[in-house]
file query-v3.json (JSON, C-alpha atoms)
[["chain", "number", "residue", "atom", "x", "y", "z"],
["A", 1, "MET", "CA", 20.94, -15.35, 9.47],
["A", 2, "LEU", "CA", 21.26, -13.25, 6.34],
["A", 3, "LYS", "CA", 18.47, -10.68, 6.26],
["A", 4, "GLY", "CA", 17.95, -9.72, 2.68],
["A", 5, "LEU", "CA", 15.84, -10.66, -0.30],
["A", 6, "ILE", "CA", 15.26, -9.60, -3.87],
["A", 7, "GLY", "CA", 11.62, -9.29, -4.83],
["A", 8, "LYS", "CA", 9.03, -8.00, -7.21],
["A", 9, "LYS", "CA", 6.47, -5.41, -6.22],
["A", 10, "ILE", "CA", 3.01, -6.87, -6.73],
["A", 11, "GLY", "CA", 0.81, -3.99, -5.60],
["A", 12, "MET", "CA", -1.01, -2.45, -2.70],
["A", 13, "THR", "CA", -4.13, -3.44, -0.82],
["A", 14, "GLN", "CA", -5.37, -3.43, 2.74],
["A", 15, "ILE", "CA", -5.86, -6.14, 5.33],
["A", 16, "PHE", "CA", -7.33, -6.16, 8.83],
["A", 17, "ASP", "CA", -5.33, -6.89, 11.98],
["A", 18, "GLU", "CA", -6.73, -8.87, 14.90],
["A", 19, "ASP", "CA", -8.29, -5.71, 16.35],
["A", 20, "GLY", "CA", -10.11, -5.07, 13.10],
["A", 21, "ALA", "CA", -8.06, -2.03, 12.13],
["A", 22, "ALA", "CA", -7.31, -1.70, 8.43],
["A", 23, "ILE", "CA", -3.60, -1.77, 7.52],
["A", 24, "PRO", "CA", -2.29, -0.57, 4.16],
["A", 25, "ILE", "CA", -0.04, -3.25, 2.69],
["A", 26, "THR", "CA", 2.38, -3.44, -0.20],
["A", 27, "LEU", "CA", 2.73, -7.01, -1.36],
["A", 28, "ILE", "CA", 6.16, -8.15, -2.57],
["A", 29, "GLU", "CA", 6.90, -11.49, -4.18],
["A", 30, "ALA", "CA", 10.31, -12.13, -2.60],
["A", 31, "GLY", "CA", 11.93, -15.30, -3.61],
["A", 32, "PRO", "CA", 13.00, -17.95, -4.08],
["A", 33, "CYS", "CA", 16.36, -16.17, -3.90],
["A", 34, "TYR", "CA", 19.44, -18.22, -4.72],
["A", 35, "VAL", "CA", 22.86, -17.57, -3.24],
["A", 36, "THR", "CA", 24.92, -17.26, -6.39],
["A", 37, "GLN", "CA", 28.26, -16.25, -4.91],
["A", 38, "VAL", "CA", 29.84, -15.61, -1.53],
["A", 39, "ARG", "CA", 32.44, -12.89, -1.22],
["A", 40, "THR", "CA", 34.87, -13.19, 1.65],
["A", 41, "GLN", "CA", 37.14, -10.75, 3.44],
["A", 42, "GLU", "CA", 40.22, -12.79, 2.55],
["A", 43, "ARG", "CA", 39.60, -13.16, -1.15],
["A", 44, "ASP", "CA", 37.57, -10.09, -2.09],
["A", 45, "GLY", "CA", 38.41, -7.63, 0.66],
["A", 46, "TYR", "CA", 34.82, -7.46, 1.89],
["A", 47, "ALA", "CA", 32.16, -9.89, 3.02],
["A", 48, "ALA", "CA", 28.99, -10.08, 0.98],
["A", 49, "VAL", "CA", 26.50, -12.47, -0.48],
["A", 50, "GLN", "CA", 25.44, -12.28, -4.10],
["A", 51, "MET", "CA", 21.89, -13.37, -4.61],
["A", 52, "GLY", "CA", 19.80, -14.02, -7.68],
["A", 53, "PHE", "CA", 16.07, -13.80, -8.29],
["A", 54, "SER", "CA", 13.48, -14.29, -11.02],
["A", 55, "GLU", "CA", 13.94, -17.29, -13.29],
["A", 56, "VAL", "CA", 14.07, -16.58, -17.00],
["A", 57, "LYS", "CA", 14.67, -18.44, -20.23],
["A", 58, "PRO", "CA", 18.37, -19.20, -20.72],
["A", 59, "LYS", "CA", 18.43, -17.27, -24.02],
["A", 60, "ARG", "CA", 17.65, -14.04, -22.14],
["A", 61, "LEU", "CA", 21.05, -14.10, -20.45],
["A", 62, "THR", "CA", 24.58, -13.77, -21.76],
["A", 63, "GLY", "CA", 26.87, -16.75, -21.84],
["A", 64, "GLY", "CA", 29.02, -15.28, -19.09],
["A", 65, "THR", "CA", 26.13, -14.98, -16.66],
["A", 66, "LEU", "CA", 24.91, -18.47, -17.52],
["A", 67, "GLY", "CA", 28.37, -19.90, -16.85],
["A", 68, "HIS", "CA", 28.53, -18.03, -13.54],
["A", 69, "LEU", "CA", 25.23, -19.58, -12.46],
["A", 70, "LYS", "CA", 26.12, -22.99, -13.84],
["A", 71, "LYS", "CA", 28.98, -23.24, -11.33],
["A", 72, "ASN", "CA", 26.48, -23.90, -8.57],
["A", 73, "GLU", "CA", 23.90, -25.65, -10.77],
["A", 74, "LEU", "CA", 21.49, -22.71, -10.44],
["A", 75, "PRO", "CA", 18.68, -21.83, -12.87],
["A", 76, "PRO", "CA", 19.03, -18.79, -15.17],
["A", 77, "LEU", "CA", 18.28, -15.72, -13.05],
["A", 78, "ARG", "CA", 17.41, -12.23, -14.23],
["A", 79, "PHE", "CA", 18.64, -10.19, -11.27],
["A", 80, "LEU", "CA", 21.91, -10.60, -9.36],
["A", 81, "ARG", "CA", 22.50, -8.30, -6.40],
["A", 82, "GLU", "CA", 25.00, -8.23, -3.54],
["A", 83, "PHE", "CA", 24.13, -7.85, 0.13],
["A", 84, "ARG", "CA", 26.85, -6.87, 2.60],
["A", 85, "VAL", "CA", 26.92, -9.15, 5.65],
["A", 86, "LYS", "CA", 28.85, -9.16, 8.93],
["A", 87, "ASP", "CA", 29.13, -12.90, 9.38],
["A", 88, "LEU", "CA", 28.66, -15.38, 6.59],
["A", 89, "ASP", "CA", 26.26, -18.18, 7.38],
["A", 90, "VAL", "CA", 25.09, -19.19, 3.91],
["A", 91, "ALA", "CA", 26.79, -21.22, 1.22],
["A", 92, "GLU", "CA", 26.70, -20.90, -2.55],
["A", 93, "GLY", "CA", 23.66, -22.68, -3.96],
["A", 94, "ASP", "CA", 21.47, -22.06, -0.91],
["A", 95, "VAL", "CA", 17.87, -21.00, -1.46],
["A", 96, "LEU", "CA", 16.31, -18.25, 0.64],
["A", 97, "LYS", "CA", 12.59, -17.95, 1.02],
["A", 98, "ALA", "CA", 10.34, -15.21, 2.33],
["A", 99, "ASP", "CA", 10.55, -16.59, 5.87],
["A", 100, "VAL", "CA", 13.94, -14.95, 6.51],
["A", 101, "PHE", "CA", 11.73, -12.13, 7.72],
["A", 102, "ALA", "CA", 9.15, -12.47, 10.47],
["A", 103, "VAL", "CA", 5.95, -10.55, 11.08],
["A", 104, "GLY", "CA", 6.61, -7.48, 13.24],
["A", 105, "GLU", "CA", 10.19, -6.91, 12.09],
["A", 106, "ARG", "CA", 11.31, -3.63, 10.54],
["A", 107, "VAL", "CA", 12.78, -3.57, 7.05],
["A", 108, "ASP", "CA", 14.09, -1.11, 4.47],
["A", 109, "VAL", "CA", 12.78, -1.54, 0.94],
["A", 110, "ILE", "CA", 14.96, -0.23, -1.88],
["A", 111, "GLY", "CA", 13.58, 0.36, -5.34],
["A", 112, "THR", "CA", 13.72, 2.60, -8.37],
["A", 113, "SER", "CA", 11.05, 5.29, -8.32],
["A", 114, "LYS", "CA", 8.66, 5.85, -11.21],
["A", 115, "GLY", "CA", 10.25, 8.01, -13.90],
["A", 116, "ARG", "CA", 8.44, 11.30, -14.57],
["A", 117, "GLY", "CA", 10.69, 12.49, -17.38],
["A", 118, "PHE", "CA", 11.57, 16.19, -17.65],
["A", 119, "ALA", "CA", 9.22, 17.69, -15.09],
["A", 120, "GLY", "CA", 8.44, 21.29, -14.22],
["A", 121, "ALA", "CA", 9.10, 22.89, -10.85],
["A", 122, "VAL", "CA", 5.45, 22.60, -9.80],
["A", 123, "LYS", "CA", 5.43, 18.80, -10.07],
["A", 124, "ARG", "CA", 9.06, 18.31, -9.09],
["A", 125, "TYR", "CA", 9.36, 20.56, -6.06],
["A", 126, "GLY", "CA", 5.80, 21.49, -5.26],
["A", 127, "PHE", "CA", 6.17, 25.12, -6.34],
["A", 128, "ALA", "CA", 2.93, 27.06, -6.20],
["A", 129, "GLY", "CA", 3.01, 28.36, -9.77],
["A", 130, "GLY", "CA", 1.64, 31.74, -10.70],
["A", 131, "PRO", "CA", -1.78, 33.34, -10.25],
["A", 132, "LYS", "CA", -4.65, 32.00, -12.33],
["A", 133, "THR", "CA", -6.45, 35.30, -12.71],
["A", 134, "HIS", "CA", -5.91, 39.09, -12.71],
["A", 135, "GLY", "CA", -4.73, 39.29, -16.30],
["A", 136, "GLN", "CA", -2.07, 36.60, -16.12],
["A", 137, "SER", "CA", -1.06, 34.75, -19.25],
["A", 138, "ASP", "CA", 1.27, 31.75, -19.59],
["A", 139, "ARG", "CA", 2.24, 31.96, -15.88],
["A", 140, "GLN", "CA", 0.18, 29.23, -14.26],
["A", 141, "ARG", "CA", 2.93, 26.65, -13.79],
["A", 142, "ALA", "CA", 5.94, 28.96, -14.13],
["A", 143, "PRO", "CA", 8.65, 28.58, -11.46],
["A", 144, "GLY", "CA", 9.07, 32.33, -10.81],
["A", 145, "SER", "CA", 12.40, 33.76, -9.71],
["A", 146, "ARG", "CA", 15.41, 31.49, -9.18],
["A", 147, "GLY", "CA", 17.58, 33.91, -7.25],
["A", 148, "SER", "CA", 18.62, 37.49, -6.52],
["A", 149, "GLY", "CA", 19.49, 40.30, -8.94],
["A", 150, "THR", "CA", 22.78, 41.96, -9.89],
["A", 151, "THR", "CA", 24.38, 40.53, -6.74],
["A", 152, "PRO", "CA", 25.35, 37.73, -7.22],
["A", 153, "GLY", "CA", 24.34, 38.07, -10.87],
["A", 154, "ARG", "CA", 24.02, 34.34, -11.40],
["A", 155, "VAL", "CA", 21.90, 31.40, -10.29],
["A", 156, "PHE", "CA", 23.45, 29.43, -7.45],
["A", 157, "LYS", "CA", 24.29, 25.82, -8.18],
["A", 158, "GLY", "CA", 21.64, 23.44, -6.94],
["A", 159, "ALA", "CA", 18.81, 25.97, -7.19],
["A", 160, "ARG", "CA", 15.55, 24.13, -7.61],
["A", 161, "GLY", "CA", 14.01, 24.22, -11.05],
["A", 162, "PRO", "CA", 12.66, 22.03, -13.84],
["A", 163, "GLY", "CA", 14.55, 18.88, -14.73],
["A", 164, "HIS", "CA", 14.51, 15.13, -14.78],
["A", 165, "MET", "CA", 12.38, 13.62, -12.04],
["A", 166, "GLY", "CA", 12.09, 10.09, -10.76],
["A", 167, "ASN", "CA", 13.77, 6.89, -11.99],
["A", 168, "VAL", "CA", 16.28, 7.09, -9.13],
["A", 169, "ARG", "CA", 17.10, 4.67, -6.35],
["A", 170, "VAL", "CA", 14.85, 5.32, -3.36],
["A", 171, "THR", "CA", 14.85, 3.65, 0.04],
["A", 172, "SER", "CA", 11.71, 3.40, 2.13],
["A", 173, "GLN", "CA", 13.02, 3.01, 5.65],
["A", 174, "HIS", "CA", 11.67, 1.25, 8.70],
["A", 175, "LEU", "CA", 8.62, -0.44, 7.22],
["A", 176, "LYS", "CA", 6.88, -2.97, 9.42],
["A", 177, "VAL", "CA", 6.49, -6.50, 8.10],
["A", 178, "GLU", "CA", 2.80, -7.34, 8.43],
["A", 179, "LEU", "CA", 2.54, -10.55, 6.47],
["A", 180, "VAL", "CA", 4.86, -13.43, 5.54],
["A", 181, "ASP", "CA", 3.84, -16.38, 3.38],
["A", 182, "ALA", "CA", 6.83, -18.72, 3.02],
["A", 183, "GLU", "CA", 4.97, -21.13, 0.78],
["A", 184, "ARG", "CA", 4.21, -18.55, -1.91],
["A", 185, "ASN", "CA", 7.20, -16.33, -1.01],
["A", 186, "LEU", "CA", 5.11, -13.29, -0.21],
["A", 187, "VAL", "CA", 6.10, -10.45, 2.08],
["A", 188, "GLY", "CA", 3.64, -7.72, 2.99],
["A", 189, "VAL", "CA", 5.04, -4.47, 4.38],
["A", 190, "ARG", "CA", 3.05, -1.63, 5.86],
["A", 191, "GLY", "CA", 2.87, 1.44, 3.65],
["A", 192, "ALA", "CA", 4.15, 2.31, 0.21],
["A", 193, "VAL", "CA", 7.25, 1.09, -1.62],
["A", 194, "PRO", "CA", 9.09, 2.96, -4.41],
["A", 195, "GLY", "CA", 8.44, 2.11, -8.04],
["A", 196, "PRO", "CA", 5.62, 0.81, -10.18],
["A", 197, "ARG", "CA", 4.02, -2.61, -9.87],
["A", 198, "GLY", "CA", 6.22, -5.38, -11.25],
["A", 199, "ARG", "CA", 9.54, -3.63, -10.66],
["A", 200, "MET", "CA", 12.36, -5.27, -8.73],
["A", 201, "VAL", "CA", 12.88, -4.19, -5.13],
["A", 202, "LEU", "CA", 15.41, -5.14, -2.46],
["A", 203, "ILE", "CA", 14.30, -5.91, 1.10],
["A", 204, "LYS", "CA", 16.87, -5.51, 3.85],
["A", 205, "GLU", "CA", 16.87, -5.40, 7.59],
["A", 206, "ALA", "CA", 16.15, -1.85, 8.73],
["A", 207, "ARG", "CA", 19.24, 0.30, 9.26],
["A", 208, "LYS", "CA", 17.60, 2.24, 12.05],
["A", 209, "GLN", "CA", 16.28, -0.39, 14.40],
["B", 210, "MET", "CA", -6.43, -7.46, -10.46],
["B", 211, "ASN", "CA", -3.41, -9.56, -9.62],
["B", 212, "GLU", "CA", -4.35, -13.00, -8.30],
["B", 213, "LEU", "CA", -1.73, -12.93, -5.54],
["B", 214, "LEU", "CA", -3.06, -9.61, -4.34],
["B", 215, "LYS", "CA", -6.62, -10.90, -4.37],
["B", 216, "SER", "CA", -5.67, -13.94, -2.33],
["B", 217, "ILE", "CA", -4.52, -11.92, 0.68],
["B", 218, "GLU", "CA", -7.38, -9.49, 0.68],
["B", 219, "PRO", "CA", -10.06, -9.92, 3.34],
["B", 220, "ALA", "CA", -13.02, -12.00, 2.26],
["B", 221, "VAL", "CA", -16.51, -10.60, 1.89],
["B", 222, "ASN", "CA", -18.08, -10.22, 5.34],
["B", 223, "PRO", "CA", -21.00, -12.65, 5.54],
["B", 224, "ASN", "CA", -22.58, -10.56, 8.31],
["B", 225, "VAL", "CA", -23.20, -7.61, 6.01],
["B", 226, "PRO", "CA", -26.07, -7.88, 3.54],
["B", 227, "HIS", "CA", -26.33, -5.88, 0.35],
["B", 228, "LEU", "CA", -27.07, -2.27, 1.32],
["B", 229, "ASP", "CA", -28.79, 0.41, -0.72],
["B", 230, "PRO", "CA", -28.82, 4.14, -0.07],
["B", 231, "GLY", "CA", -31.86, 5.05, 2.01],
["B", 232, "ASP", "CA", -31.96, 1.77, 3.92],
["B", 233, "ILE", "CA", -32.71, 2.13, 7.63],
["B", 234, "VAL", "CA", -30.13, -0.13, 9.27],
["B", 235, "SER", "CA", -28.81, -0.97, 12.68],
["B", 236, "VAL", "CA", -25.12, -1.74, 12.66],
["B", 237, "HIS", "CA", -23.76, -3.90, 15.47],
["B", 238, "ALA", "CA", -20.07, -3.08, 15.71],
["B", 239, "LYS", "CA", -17.54, -4.36, 18.21],
["B", 240, "ILE", "CA", -15.69, -1.62, 20.03],
["B", 241, "LYS", "CA", -12.82, -1.87, 22.48],
["B", 242, "GLU", "CA", -12.97, -0.03, 25.80],
["B", 243, "GLY", "CA", -9.59, -0.51, 27.39],
["B", 244, "THR", "CA", -9.36, -4.27, 27.61],
["B", 245, "ARG", "CA", -13.08, -4.97, 27.47],
["B", 246, "GLU", "CA", -14.83, -5.55, 24.19],
["B", 247, "ARG", "CA", -18.51, -4.86, 23.67],
["B", 248, "VAL", "CA", -20.99, -4.51, 20.85],
["B", 249, "GLN", "CA", -22.37, -1.08, 20.06],
["B", 250, "GLU", "CA", -25.47, -0.52, 18.01],
["B", 251, "PHE", "CA", -25.61, 2.35, 15.54],
["B", 252, "LYS", "CA", -29.00, 2.90, 13.95],
["B", 253, "GLY", "CA", -29.65, 5.25, 11.05],
["B", 254, "THR", "CA", -30.04, 5.82, 7.33],
["B", 255, "VAL", "CA", -27.50, 4.63, 4.77],
["B", 256, "LEU", "CA", -26.40, 7.78, 2.96],
["B", 257, "PHE", "CA", -24.22, 6.08, 0.38],
["B", 258, "THR", "CA", -22.16, 2.99, -0.26],
["B", 259, "HIS", "CA", -18.66, 2.94, -1.69],
["B", 260, "ASN", "CA", -18.01, -0.31, -3.54],
["B", 261, "ASN", "CA", -14.31, -0.83, -4.09],
["B", 262, "GLY", "CA", -13.33, -4.41, -3.30],
["B", 263, "SER", "CA", -11.61, -4.73, 0.04],
["B", 264, "ASN", "CA", -11.88, -0.96, 0.55],
["B", 265, "SER", "CA", -15.70, -0.97, 0.35],
["B", 266, "SER", "CA", -17.51, 1.11, 2.91],
["B", 267, "PHE", "CA", -20.91, 2.53, 3.74],
["B", 268, "THR", "CA", -21.94, 5.65, 5.62],
["B", 269, "VAL", "CA", -24.82, 5.74, 8.09],
["B", 270, "ARG", "CA", -26.43, 8.93, 9.40],
["B", 271, "ARG", "CA", -28.49, 9.19, 12.53],
["B", 272, "ILE", "CA", -29.86, 12.04, 14.57],
["B", 273, "ALA", "CA", -28.39, 11.98, 18.08],
["B", 274, "SER", "CA", -30.46, 12.81, 21.15],
["B", 275, "ASN", "CA", -29.68, 16.52, 21.03],
["B", 276, "GLY", "CA", -30.77, 16.86, 17.43],
["B", 277, "VAL", "CA", -27.25, 16.80, 16.05],
["B", 278, "GLY", "CA", -26.66, 14.63, 13.01],
["B", 279, "VAL", "CA", -23.98, 11.96, 13.43],
["B", 280, "GLU", "CA", -22.45, 10.14, 10.48],
["B", 281, "ARG", "CA", -20.33, 7.06, 10.75],
["B", 282, "THR", "CA", -18.53, 5.22, 7.98],
["B", 283, "PHE", "CA", -17.93, 1.49, 8.28],
["B", 284, "LEU", "CA", -15.63, -0.67, 6.21],
["B", 285, "THR", "CA", -17.92, -3.31, 4.76],
["B", 286, "ARG", "CA", -15.41, -6.14, 5.13],
["B", 287, "SER", "CA", -14.28, -5.18, 8.62],
["B", 288, "PRO", "CA", -14.25, -8.04, 11.11],
["B", 289, "ARG", "CA", -15.52, -5.55, 13.69],
["B", 290, "LEU", "CA", -18.98, -5.67, 12.14],
["B", 291, "GLU", "CA", -20.90, -8.32, 14.02],
["B", 292, "LYS", "CA", -24.20, -7.89, 12.25],
["B", 293, "VAL", "CA", -26.03, -5.41, 10.05],
["B", 294, "VAL", "CA", -29.84, -5.53, 10.12],
["B", 295, "ILE", "CA", -31.93, -3.79, 7.49],
["B", 296, "ASP", "CA", -35.14, -2.48, 9.11],
["B", 297, "ARG", "CA", -36.67, -1.16, 5.92],
["B", 298, "HIS", "CA", -35.84, 0.13, 2.46],
["B", 299, "SER", "CA", -36.69, 3.61, 1.24],
["B", 300, "LYS", "CA", -37.72, 4.96, -2.12],
["B", 301, "VAL", "CA", -34.84, 7.18, -3.21],
["B", 302, "ARG", "CA", -33.83, 8.57, -6.58],
["B", 303, "ARG", "CA", -30.19, 9.31, -5.82],
["B", 304, "ALA", "CA", -27.14, 7.14, -5.15],
["B", 305, "ARG", "CA", -25.78, 9.61, -2.60],
["B", 306, "LEU", "CA", -28.26, 11.18, -0.22],
["B", 307, "TYR", "CA", -26.26, 14.28, 0.63],
["B", 308, "TYR", "CA", -29.46, 16.32, 0.66],
["B", 309, "LEU", "CA", -30.50, 14.71, 3.94],
["B", 310, "ARG", "CA", -27.69, 16.57, 5.70],
["B", 311, "GLY", "CA", -29.43, 19.90, 5.33],
["B", 312, "ARG", "CA", -32.80, 18.61, 6.52],
["B", 313, "THR", "CA", -34.34, 17.87, 9.87],
["B", 314, "GLY", "CA", -37.66, 16.56, 11.13],
["B", 315, "LYS", "CA", -40.46, 15.98, 8.63],
["B", 316, "SER", "CA", -38.51, 16.97, 5.52],
["B", 317, "ALA", "CA", -35.77, 14.44, 6.34],
["B", 318, "ARG", "CA", -38.19, 11.51, 6.08],
["B", 319, "LEU", "CA", -37.97, 8.98, 3.27],
["B", 320, "LYS", "CA", -40.85, 7.08, 1.72],
["B", 321, "GLN", "CA", -40.79, 3.36, 2.44],
["B", 322, "ARG", "CA", -40.15, 0.95, -0.41],
["B", 323, "PHE", "CA", -41.54, -2.56, -0.09]]
call {"tool": "encode", "arguments": {"input": "query-v3.json", "output": "structure tokens"}}
result
Amino acid sequence: MLKGLIGKKIGMTQIFDEDGAAIPITLIEAGPCYVTQVRTQERDGYAAVQMGFSEVKPKRLTGGTLGHLKKNELPPLRFLREFRVKDLDVAEGDVLKADVFAVGERVDVIGTSKGRGFAGAVKRYGFAGGPKTHGQSDRQRAPGSRGSGTTPGRVFKGARGPGHMGNVRVTSQHLKVELVDAERNLVGVRGAVPGPRGRMVLIKEARKQ
Amino acid sequence: MNELLKSIEPAVNPNVPHLDPGDIVSVHAKIKEGTRERVQEFKGTVLFTHNNGSNSSFTVRRIASNGVGVERTFLTRSPRLEKVVIDRHSKVRRARLYYLRGRTGKSARLKQRF
């Protein structure tokens, strides 16, 4: 069975397991996901399944996307994403619900991290900053030295410093599925998931089983 | 808060009454010893409560047999709590009774509130 879903991060909370231990949970609304297109080795050179999630008003989409979805009589969908598969066992027009995953399985959750804008080296790389006292001025969050002196006489490429932080694709690997509600399409995974509440995330079978 | 999130959170534990700082309580908590499960009683003073939905907790302090103070924090909605009995209330003027930590014997007593 295809192990992949597109979802929306709802938020974090905690639940108790049967022993009474508290488990931190990130709740993801994952589905219904529609199979919008199947890519085959013969035709496309690789095998994958394109899935869609999150129904929207038709006017929010372009005519091309609407026509693409219309082929399989699917509703207008905001997100279309491809999942690589080894063996195809779904057909175009199929609907996947949260129960493709079972409690206890391990999954990877892919999302886009919160954007922090142009951030300093203290926030971005955890630099210590400068001293607060002993006559210091304007040095509290300064990065300090970025390299050596006359030799090599330049800053090496890739040296850590201020710059844009966040808003990149991040994968949280090997998260345990703690809760599955097929009726309401909810998946609860243990621990944190990249991105703010309400952002789209992808759930896949864990790469490192 | 989001309704979906609320719906999966643990419900309020009916075995735990409303607790105030200064209450003398005995907490009956289930503990696991290997495969056996038994109920352990922990009796002491409520130092403070932390009210935060499903993450609510309360901290109880008692003086162990050798005169050493022992504090234990319980999650209010934990299914491990079998029963919480309030023996008596105390007259306190703080929400967090940290000052009891530095006191022993007579000075650590609290006046009863009826």
call {"tool": "interface_residues", "arguments": {"input": "query-v3.json", "of": "chain B", "to": "chain A", "cutoff": "7 Å", "atoms": "all atoms listed in the file", "output": "PyMOL selection string"}}
result
chain B and resi 214+218-219+263+287-289
call {"tool": "atom_distance", "arguments": {"input": "query-v3.json", "atom1": "atom CA of Gln50 of chain A", "atom2": "atom CA of Asn72 of chain A"}}
result
12.5 Å
call {"tool": "closest_residue", "arguments": {"input": "query-v3.json", "among": "B:Leu256, B:Leu213, B:Val236, B:Val293", "to": "Arg310 of chain B", "atoms": "only C-alpha atoms"}}
result
B:Leu256
call {"tool": "residues_around", "arguments": {"input": "query-v3.json", "residues": "Val180 of chain A", "least_positions_apart": "5", "cutoff": "10 Å", "atoms": "only C-alpha atoms", "output": "list in words"}}
result
Leu27, Ile28, Ala30, Ala98, Asp99, Val100, Phe101, Ala102, Val103, Gly104, Asn185, Leu186, Val187, Gly188 and Val189 of chain A
call {"tool": "residues_around", "arguments": {"input": "query-v3.json", "residues": "Asp232 of chain B", "least_positions_apart": "6", "cutoff": "6 Å", "atoms": "only C-alpha atoms", "output": "ChimeraX atom specification"}}
result
/B:254-255,297-299
call {"tool": "atom_distance", "arguments": {"input": "query-v3.json", "atom1": "atom CA of Leu66 of chain A", "atom2": "atom CA of Val168 of chain A"}}
result
28.3 Å
call {"tool": "atom_distance", "arguments": {"input": "query-v3.json", "atom1": "atom CA of His174 of chain A", "atom2": "atom CA of Glu82 of chain A"}}
result
20.4 Å
call {"tool": "residues_around", "arguments": {"input": "query-v3.json", "residues": "Pro32 of chain A", "least_positions_apart": "3", "cutoff": "8 Å", "atoms": "all atoms listed in the file", "output": "ChimeraX atom specification"}}
result
/A:53-54,95-98,185
call {"tool": "axis_aligned_box", "arguments": {"input": "query-v3.json", "around": "segment 250-266 of chain B", "padding_each_side": "4 Å", "output": "AutoDock Vina command-line options"}}
result
--center_x -20.8 --center_y 1.5 --center_z 7.0 --size_x 26.4 --size_y 20.5 --size_z 30.1
call {"tool": "closest_residue", "arguments": {"input": "query-v3.json", "among": "B:Thr285, B:Thr268, B:Ser216, B:Val277", "to": "Gly311 of chain B", "atoms": "all atoms listed in the file"}}
result
B:Val277
call {"tool": "residues_around", "arguments": {"input": "query-v3.json", "residues": "Arg270 of chain B", "least_positions_apart": "2", "cutoff": "12 Å", "atoms": "only C-alpha atoms", "output": "ChimeraX atom specification"}}
result
/B:230-236,251-257,267-268,272-273,277-283,306-310,312-313,317
call {"tool": "closest_residue", "arguments": {"input": "query-v3.json", "among": "A:Arg141, A:Lys114, A:Arg199, A:Arg146", "to": "His164 of chain A", "atoms": "all atoms listed in the file"}}
result
A:Lys114
call {"tool": "closest_residue", "arguments": {"input": "query-v3.json", "among": "B:Ser316, B:Ser265, B:Asn224, B:Asp229", "to": "Val301 of chain B", "atoms": "all atoms listed in the file"}}
result
B:Asp229
call {"tool": "residues_around", "arguments": {"input": "query-v3.json", "residues": "His68 of chain A", "least_positions_apart": "4", "cutoff": "12 Å", "atoms": "all atoms listed in the file", "output": "list in words"}}
result
Val35, Thr36, Gln37, Gln50, Gly52, Leu61, Thr62, Gly63, Gly64, Asn72, Glu73, Leu74, Pro75, Pro76, Leu77, Leu80, Glu92 and Gly93 of chain A
